[in-house]
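Okay, data37.cif is below, mmCIF, C-alpha atoms:
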data_structure
loop_
_atom_site.label_atom_id
_atom_site.label_comp_id
_atom_site.auth_asym_id
_atom_site.auth_seq_id
_atom_site.Cartn_x
_atom_site.Cartn_y
_atom_site.Cartn_z
CA MET A 39 10.97 -55.73 27.63
CA PRO A 40 13.70 -57.61 25.70
CA ALA A 41 17.12 -56.05 25.27
CA ASN A 42 17.97 -54.55 21.91
CA PRO A 43 19.33 -57.29 19.66
CA VAL A 44 22.89 -56.90 18.46
CA PRO A 45 22.88 -56.00 14.76
CA ASP A 46 24.39 -58.47 12.35
CA PRO A 47 28.03 -57.90 11.43
CA PRO A 48 29.04 -57.03 7.88
CA GLU A 49 28.77 -60.10 5.66
CA ALA A 50 32.54 -60.31 5.09
CA VAL A 51 33.21 -60.33 8.84
CA ARG A 52 30.57 -63.00 9.38
CA ASP A 53 32.09 -65.17 6.61
CA TYR A 54 35.61 -64.94 8.06
CA ALA A 55 34.37 -65.58 11.60
CA GLU A 56 32.45 -68.66 10.45
CA ARG A 57 35.65 -69.99 8.86
CA ALA A 58 37.38 -69.65 12.25
CA VAL A 59 34.56 -71.65 13.83
CA GLU A 60 35.05 -74.36 11.18
CA PHE A 61 38.85 -74.41 11.66
CA VAL A 62 38.53 -74.86 15.43
CA GLN A 63 35.77 -77.48 15.06
CA THR A 64 37.97 -79.45 12.67
CA ALA A 65 41.14 -79.12 14.76
CA LEU A 66 39.69 -79.60 18.24
CA GLY A 67 36.27 -81.14 17.71
CA LEU A 68 34.65 -78.40 19.79
CA PRO A 69 32.36 -75.57 18.72
CA LEU A 70 32.95 -71.85 19.16
CA GLU A 71 29.73 -70.09 20.12
CA PHE A 72 30.50 -66.36 19.76
CA ASP A 73 30.77 -65.68 23.47
CA SER A 74 33.63 -64.91 25.81
CA ASP A 75 33.40 -68.36 27.41
CA THR A 76 34.82 -69.86 24.20
CA LEU A 77 37.90 -67.59 24.06
CA PRO A 78 40.05 -70.04 26.10
CA LEU A 79 39.27 -72.67 23.45
CA LEU A 80 40.33 -70.28 20.68
CA ASP A 81 43.47 -69.35 22.66
CA HIS A 82 44.31 -73.08 22.86
CA TYR A 83 43.80 -73.47 19.11
CA LEU A 84 46.00 -70.45 18.35
CA ARG A 85 48.90 -72.00 20.27
CA SER A 86 48.87 -74.87 17.73
CA VAL A 87 49.18 -72.67 14.63
CA PRO A 88 52.53 -73.20 12.87
CA THR A 89 54.37 -69.88 13.14
CA ALA A 90 56.96 -70.74 10.48
CA ASP A 91 54.38 -70.26 7.72
CA PRO A 92 53.54 -66.52 7.45
CA ASN A 93 50.59 -67.23 5.12
CA MET A 94 49.06 -69.59 7.68
CA VAL A 95 49.53 -66.99 10.44
CA VAL A 96 47.77 -64.33 8.34
CA LEU A 97 44.93 -66.69 7.36
CA VAL A 98 44.28 -67.70 10.96
CA ALA A 99 44.77 -64.11 12.17
CA VAL A 100 42.11 -62.70 9.85
CA THR A 101 39.58 -65.50 10.39
CA SER A 102 40.08 -65.76 14.14
CA GLY A 103 40.34 -61.97 14.33
CA ALA A 104 36.87 -61.70 12.82
CA TYR A 105 35.63 -64.20 15.41
CA PHE A 106 37.35 -62.40 18.31
CA GLY A 107 36.11 -59.03 17.10
CA GLU A 108 32.58 -60.39 16.91
CA VAL A 109 32.80 -61.73 20.46
CA VAL A 110 33.98 -58.31 21.65
CA ARG A 111 31.31 -56.45 19.64
CA ARG A 112 28.51 -58.67 20.92
CA HIS A 113 29.80 -58.31 24.48
CA MET A 114 30.70 -54.61 24.54
CA GLY A 115 28.94 -53.01 21.57
CA GLY A 116 30.53 -51.06 18.76
CA HIS A 117 30.89 -51.43 15.03
CA TRP A 118 33.30 -52.66 12.41
CA ASP A 119 35.39 -50.23 10.35
CA LEU A 120 36.25 -52.03 7.11
CA SER A 121 37.59 -48.93 5.35
CA ALA A 122 41.10 -50.41 5.17
CA GLY A 123 39.76 -52.83 2.59
CA GLU A 124 41.74 -55.93 3.47
CA PRO A 125 40.66 -58.04 6.47
CA ASP A 126 44.04 -57.67 8.15
CA GLY A 127 43.36 -53.93 8.44
CA TRP A 128 39.78 -54.07 9.70
CA ARG A 129 39.20 -52.40 13.05
CA LEU A 130 36.56 -52.77 15.70
CA VAL A 131 35.41 -49.45 17.16
CA LEU A 132 33.84 -49.63 20.62
CA PRO A 133 31.13 -47.18 21.77
CA THR A 134 33.72 -44.92 23.46
CA GLY A 135 35.74 -44.61 20.23
CA LEU A 136 38.41 -47.02 21.48
CA SER A 137 39.45 -49.14 18.50
CA PHE A 138 41.77 -52.02 17.70
CA SER A 139 42.66 -54.49 14.98
CA PRO A 140 41.28 -57.92 15.93
CA ALA A 141 43.52 -59.59 13.31
CA GLY A 142 46.53 -57.86 14.89
CA VAL A 143 45.54 -59.09 18.35
CA VAL A 144 45.22 -62.65 17.03
CA ALA A 145 48.52 -62.49 15.10
CA GLU A 146 50.27 -61.49 18.33
CA ALA A 147 48.46 -64.28 20.21
CA ILE A 148 49.76 -66.78 17.66
CA LEU A 149 53.31 -65.43 17.66
CA GLN A 150 53.37 -64.61 21.40
CA GLN A 151 55.12 -61.37 20.49
CA ASP A 152 54.31 -58.04 18.89
CA ASP A 153 53.72 -58.34 15.16
CA LEU A 154 55.14 -55.43 13.22
CA ASP A 155 52.95 -56.18 10.17
CA LEU A 156 49.61 -56.50 12.00
CA SER A 157 49.59 -54.05 14.87
CA SER A 158 47.24 -54.78 17.74
CA SER A 159 47.62 -51.36 19.34
CA PHE A 160 44.59 -49.70 20.81
CA ASP A 161 43.60 -46.28 19.56
CA ALA A 162 41.15 -43.72 20.86
CA PRO A 163 39.93 -40.28 19.88
CA PRO A 164 42.78 -37.77 20.47
CA LYS A 165 41.06 -36.21 23.49
CA LEU A 166 40.89 -39.62 25.22
CA ARG A 167 44.32 -41.04 24.29
CA PRO A 168 46.07 -39.75 27.44
CA TYR A 169 43.48 -41.56 29.58
CA VAL A 170 44.03 -44.81 27.67
CA GLU A 171 47.80 -44.48 28.11
CA GLN A 172 47.44 -43.77 31.85
CA ALA A 173 45.08 -46.71 32.32
CA LEU A 174 47.46 -49.06 30.50
CA GLU A 175 50.42 -47.83 32.56
CA ARG A 176 48.53 -48.47 35.82
CA MET A 177 47.62 -52.03 34.90
CA GLY A 178 49.83 -54.56 36.65
CA ASP A 179 52.39 -56.83 35.06
CA VAL A 180 51.10 -60.09 33.60
CA THR A 181 52.75 -63.15 32.13
CA VAL A 182 53.57 -63.21 28.43
CA GLU A 183 50.95 -65.93 27.93
CA THR A 184 48.24 -63.82 29.61
CA TYR A 185 49.31 -60.64 27.83
CA TYR A 186 48.98 -62.20 24.39
CA SER A 187 45.87 -64.28 25.14
CA LEU A 188 42.51 -63.24 23.75
CA CYS A 189 41.06 -63.61 27.25
CA GLY A 190 43.66 -61.15 28.55
CA ARG A 191 42.99 -58.72 25.71
CA LEU A 192 39.24 -58.85 26.38
CA ASP A 193 39.90 -58.06 30.06
CA THR A 194 42.05 -55.10 28.99
CA LEU A 195 39.41 -53.83 26.58
CA GLU A 196 36.74 -54.08 29.28
CA HIS A 197 38.95 -52.12 31.69
CA LEU A 198 39.78 -49.43 29.14
CA GLN A 199 36.13 -49.10 28.12
CA ALA A 200 35.16 -48.62 31.80
CA VAL A 201 37.90 -46.02 32.28
CA LEU A 202 36.82 -44.10 29.18
CA LEU A 203 33.14 -44.19 30.17
CA ALA A 204 33.99 -42.85 33.63
CA THR A 205 36.31 -40.22 32.15
CA ALA A 206 33.66 -39.09 29.66
CA ALA A 207 31.12 -38.77 32.49
CA GLN A 208 33.57 -36.70 34.56
CA LEU A 209 34.40 -34.43 31.63
CA ALA A 210 30.70 -33.93 30.87
CA ALA A 211 29.98 -33.11 34.52
CA LYS A 212 32.83 -30.56 34.58
CA GLN A 213 31.55 -28.99 31.39
CA ARG A 214 28.01 -28.73 32.79
CA SER A 215 29.26 -27.08 35.99
CA HIS A 216 31.09 -24.33 34.09
#
Once you've parsed the file, please lay out its structure as structure tokens.
Amino acid sequence: MPANPVPDPPEAVRDYAERAVEFVQTALGLPLEFDSDTLPLLDHYLRSVPTADPNMVVLVAVTSGAYFGEVVRRHMGGHWDLSAGEPDGWRLVLPTGLSFSPAGVVAEAILQQDDLDLSSSFDAPPKLRPYVEQALERMGDVTVETYYSLCGRLDTLEHLQAVLLATAAQLAAKQRSH
């Protein structure tokens, strides 16, 4: 029996993500294919974005953020929260409730530093936040390049998702035994 197909993203997300594909195709001559294997290519492209032009950083952050978010959603599940209105505030919410701003992650990948305007911070339902914080604290040190890369962020999201799934299972088992 075939696996359940991933639902289409909201039209606005799809449009922005397709623009990122076009930008990378034009700049590097290589296609992005909405899978994690193409994230190193996108990371390479992001290192070429001129950081002196804030408008360019935001444009690339929102388009490439839509692409990165779609890669994560197709790989891990979840849904888009577009309630912020503007693409730089859109969040991807994973099945565990863990959420993040893909545009913020991309802005930080471009700048190779935290961006105060477009936060990339992860959030989780209040009950699970301590577990996210503990998991992040236990993760080892990495280079700046790895920390800000989309590949590194995907690895972190996968780890946090696994921790939250295991934590939820343990909490449910405790609740059943009481």
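Excluding region 173-187 of chain A itself and same-chain residues fewer than 4 positions from it, the residues having an atom within 7 Å of it are A:Asp81, A:Glu146, A:Ala147, A:Gln150, A:Tyr169, A:Arg191, A:Leu198, counting all atoms listed in the file.
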Please report as a Markdown table every residue of region 63-168 of chain A lying within 10 Å of region 202-214 of chain A, along with the nearest atom pair and their distance in Å (one decimal), using all atoms listed in the file.
| residue | atom | partner | partner_atom | distance |
| --- | --- | --- | --- | --- |
| A:Pro133 | CA | A:Leu203 | CA | 9.1 |
| A:Thr134 | CA | A:Leu202 | CA | 6.6 |
| A:Gly135 | CA | A:Leu202 | CA | 9.0 |
| A:Leu136 | CA | A:Leu202 | CA | 8.4 |
| A:Ala162 | CA | A:Leu202 | CA | 9.4 |
| A:Leu166 | CA | A:Leu202 | CA | 7.2 |
| A:Arg167 | CA | A:Leu202 | CA | 9.5 |
Mind working out the centre and edge lengths of an axis-aligned box for region 98-109 of chain A, all listed atoms inside, 8 Å added to each side, rounded to one decimal in Å and written as lines of an AutoDock Vina configuration file?
center_x = 38.7
center_y = -63.4
center_z = 15.2
size_x = 28.2
size_y = 24.7
size_z = 26.6
Atomic separation - CA of Leu70 (chain A) relative to CA of Tyr83 (chain A), Å:
11.0 Å
Within 10 Å of Leu66 (chain A), counting only C-alpha atoms, which residues show up once you throw out same-chain ones fewer than 2 positions away? Write them as a PyMOL selection string, please.
chain A and resi 60-64+68-69+79-80+82-83
What does the PyMOL selection byres ((chain A and resi 100) around 12) select in this file, as a PyMOL selection string?
chain A and resi 50-58+93-99+101-107+124-129+139-146+148+156
Mind giving me the straight-line distance from CA of Gly116 (chain A) to CA of Val131 (chain A) in Å, one decimal?
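Here the two named atoms are 5.4 Å from each other.
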